[in-house]
Amino acid sequence: MVTVNFGRSRQNDVYTAGIHGRKPVIPTDFAELERRAKAKMSARAWAYIAGGAGEGRTMAANRAALDEWAIVPRVLRDVSQRSTEIELFGQTLAAPVLFAPVGAGALAHPDADVHIGKAAAELGVPYIFSNQGCAPMEDVAAAMEAVTPGAPRWFQLYWSTDDRLVDSLIARAEKMGAAALAVTLDTTMLGWRPQDLNLGSLPFARGEGINQYTSDPSFWEIVAERLRDAADERPEISLGAIKTLFSIARNVPGDLRKNLTAPEPRAAVQTFLDIYSRPSLNWDDIASLREKTSLPIVLKGILHPDDARQAVDLGVDGIIVSNHGGRQVDGSISSTDALVDIADAVAGKTKILADSGFYTGADVFKALALGADAVCIGRPHMYGLALNGADGAREAVANIIAELDLTLGLTGHTDVAHLDRSALKRLRRA
């Protein structure tokens, strides 16, 4: 659990272990964390988790935009007691950090979502359950409850083309204790991702990352309807197809794993691919969401201030400024540049979270000073997960929070909730 003066405590733990010759299992800098994770992951896992859209320009822009803001430390202030706590949707969080949703996490580590949930619960910060997770949301919630009763969690919603499934997922999220519903807006279709395309690898086509669906009764009703309406088809037989079939079988309920020739597993995958997201999603759908749930509604993928204003006009509870980690549109505006514009437009009118390209405690500090209420961490916790499961995911994010706490104190501040742009200076663009 994150505590007061967490940064110094974490430093002391690492240095004390060093006296006995023990080095951290999880690197404390992002570059080394990424390097070791790449060495650990399969080519398919690395392509999906680390890859970006097109030539990777948006990923590069995310980092370049952060570098245009310099932190300006102040001195001779009493910073002996510091607080990283924030309040978000009625919950007190240990730090302004959330574990972002990342689909198909089992590519990095078996039972990924359960491990990530445990890591978040141990730190006292929320995990936004992925709609494309590799474990049913109920299983992840139970694992978090076993660590810390009432551990904060949200649910990410991809709006399906079938509203029966949308309604069912929302009802399940409410029942498993979600504190908010994060609706992802920027993935109504998959972006052009060369790393995956060059491998011919789409995890969902292998049944990876569709466990929220295969654990949902409404989804199976849809599958059954499609099977009744389908004409007889003879799938192409190849060694690759047989391997894919085994992969699919591992990711469906147990009673369907016994018969690889049954049509349901393949039909489930095809059904998912056909209905997982709605390209026609529009503001009217968002307006109707309040009739479907009493949970706080957060819109993920907002990059334009006019969209942020419209979200506020609709009464949404929060927005996540995000370009999907640079994975959807090549050459998109950076998350940091978008955050500045959006904070100027709607700060104080709705909660603002930031996502995409924030990898260190100093990055989080900058995002908070630029107007974010909290920051979602994606690739770092996935890299930690790949290296050491739940412990690795926890340590990777704990390092970020520790650096945030130390940066707070070293710049003359004592409370993350009070950060503003006076803590930064914008540098001239080259």
# chains A, B, ... in the order shown; residues from 1 in each chain; ligands from 1
$ select_by_dssp --residues "stretch 19-203 of chain A" --states "helix (DSSP H, G or I)" --output "PyMOL selection string"
chain A and resi 19+30-40+43-50+57-67+105-107+112-123+137-147+163-175+194-199+203
$ residues_around --residues "stretch 373-389 of chain A" --least-positions-apart "5" --cutoff "8 Å" --atoms "only C-alpha atoms" --output "CSV table (one decimal) with C-alpha atoms, in the first residue's frame"
chain,number,residue,atom,x,y,z
A,25,VAL,CA,13.9,-7.7,-10.1
A,26,ILE,CA,12.0,-4.9,-11.9
A,30,PHE,CA,11.6,2.8,-18.1
A,33,LEU,CA,12.2,-2.1,-18.1
A,34,GLU,CA,11.2,-2.0,-21.7
A,36,ARG,CA,14.1,-6.6,-20.5
A,37,ALA,CA,10.4,-7.0,-21.2
A,40,LYS,CA,11.1,-11.9,-22.2
A,41,MET,CA,8.1,-11.6,-24.5
A,49,ILE,CA,1.7,-4.5,-26.5
A,50,ALA,CA,4.6,-2.3,-27.5
A,96,PRO,CA,-3.3,9.8,-8.7
A,97,VAL,CA,-2.5,6.7,-10.8
A,98,LEU,CA,-4.6,4.0,-12.4
A,99,PHE,CA,-3.7,0.8,-14.1
A,100,ALA,CA,-4.9,1.3,-17.7
A,101,PRO,CA,-6.9,-1.4,-19.5
A,102,VAL,CA,-4.7,-3.4,-21.9
A,105,GLY,CA,-2.8,-9.3,-21.5
A,108,ALA,CA,2.5,-11.2,-21.7
A,109,HIS,CA,1.7,-13.5,-18.7
A,112,ALA,CA,-2.8,-11.5,-16.7
A,115,HIS,CA,-2.4,-10.6,-11.6
A,116,ILE,CA,-2.8,-7.0,-12.6
A,325,GLY,CA,-1.0,4.8,-26.6
A,351,LYS,CA,-12.7,15.1,-14.0
A,352,ILE,CA,-9.8,14.9,-16.4
A,353,LEU,CA,-7.5,11.9,-16.7
A,354,ALA,CA,-4.5,11.5,-19.0
A,355,ASP,CA,-3.3,8.4,-20.8
A,356,SER,CA,-0.7,7.5,-23.5
A,358,PHE,CA,3.3,8.6,-19.4
A,359,TYR,CA,5.9,6.2,-18.1
A,364,VAL,CA,2.8,12.0,-14.0
A,367,ALA,CA,0.4,15.7,-16.4
A,368,LEU,CA,-1.0,16.7,-13.0
A,394,ARG,CA,3.0,-3.9,-8.8
A,395,GLU,CA,6.7,-3.0,-8.6
A,396,ALA,CA,6.6,-1.2,-12.0
A,397,VAL,CA,3.8,1.1,-10.9
A,417,ALA,CA,-3.9,17.9,-5.7
$ residues_around --residues "A:Trp154" --least-positions-apart "3" --cutoff "8 Å" --atoms "only C-alpha atoms" --output "short mmCIF file (atom, residue, chain, number, x, y, z; two decimals) with N, CA and C atoms, in the first residue's frame"
data_model
loop_
_atom_site.label_atom_id
_atom_site.label_comp_id
_atom_site.auth_asym_id
_atom_site.auth_seq_id
_atom_site.Cartn_x
_atom_site.Cartn_y
_atom_site.Cartn_z
N PRO A 126 -6.84 2.18 -8.57
CA PRO A 126 -7.78 1.41 -9.39
C PRO A 126 -7.13 0.69 -10.56
N TYR A 127 -7.75 -0.42 -10.91
CA TYR A 127 -7.47 -1.10 -12.17
C TYR A 127 -8.71 -0.95 -13.03
N ILE A 128 -8.53 -0.44 -14.24
CA ILE A 128 -9.64 -0.37 -15.19
C ILE A 128 -9.66 -1.68 -15.95
N PHE A 129 -10.61 -2.55 -15.59
CA PHE A 129 -10.68 -3.87 -16.22
C PHE A 129 -10.85 -3.71 -17.73
N ALA A 173 -20.70 -5.21 -14.69
CA ALA A 173 -19.75 -4.26 -14.10
C ALA A 173 -20.31 -3.67 -12.82
N ALA A 178 -17.75 -2.14 -9.84
CA ALA A 178 -17.04 -1.08 -10.57
C ALA A 178 -17.43 0.28 -10.01
N ALA A 179 -16.44 1.16 -9.86
CA ALA A 179 -16.68 2.51 -9.36
C ALA A 179 -16.92 3.49 -10.49
N ALA A 180 -16.65 3.08 -11.73
CA ALA A 180 -16.88 3.95 -12.89
C ALA A 180 -16.89 3.08 -14.14
N LEU A 181 -17.48 3.63 -15.18
CA LEU A 181 -17.54 2.97 -16.48
C LEU A 181 -16.77 3.84 -17.47
N ALA A 182 -15.70 3.29 -18.03
CA ALA A 182 -14.87 4.03 -18.98
C ALA A 182 -15.19 3.55 -20.39
#
$ closest_atom_pairs --of "stretch 259-368 of chain A" --to "stretch 65-72 of chain A" --cutoff "9 Å" --atoms "only C-alpha atoms" --output "tab-separated table"
residue	atom	partner	partner_atom	distance
A:Ser334	CA	A:Ala65	CA	6.6
A:Ser335	CA	A:Ala65	CA	8.1
A:Thr336	CA	A:Ala65	CA	6.0
A:Asp337	CA	A:Ala65	CA	6.5
A:Gly357	CA	A:Leu66	CA	8.6
A:Phe358	CA	A:Leu66	CA	8.5
A:Ala362	CA	A:Ile71	CA	8.5
A:Asp363	CA	A:Leu66	CA	7.1
A:Phe365	CA	A:Ile71	CA	8.7
A:Lys366	CA	A:Ile71	CA	7.3
A:Ala367	CA	A:Leu66	CA	8.5
$ residues_around --residues "A:Arg172" --least-positions-apart "4" --cutoff "10 Å" --atoms "only C-alpha atoms" --output "JSON, numbers by chain"
{"A": [136, 137, 138, 155, 167, 168, 176, 177, 178, 212, 216]}
$ closest_residue --among "A:Ser83, A:Asn211, A:Thr161, A:Thr58" --to "A:Val269" --atoms "only C-alpha atoms"
A:Asn211
$ residues_around --residues "A:Asp186" --least-positions-apart "5" --cutoff "12 Å" --atoms "only C-alpha atoms" --output "PyMOL selection string"
chain A and resi 157-159+191+277-282+299-303+320-329+332
$ residues_around --residues "A:Ala121" --least-positions-apart "5" --cutoff "10 Å" --atoms "only C-alpha atoms" --output "number ranges by chain"
A: 1, 115-116, 126-127, 141, 143-153, 394
$ closest_residue --among "A:Met189, A:Val298, A:Ala345, A:Val312" --to "A:Asp274" --atoms "only C-alpha atoms"
A:Met189
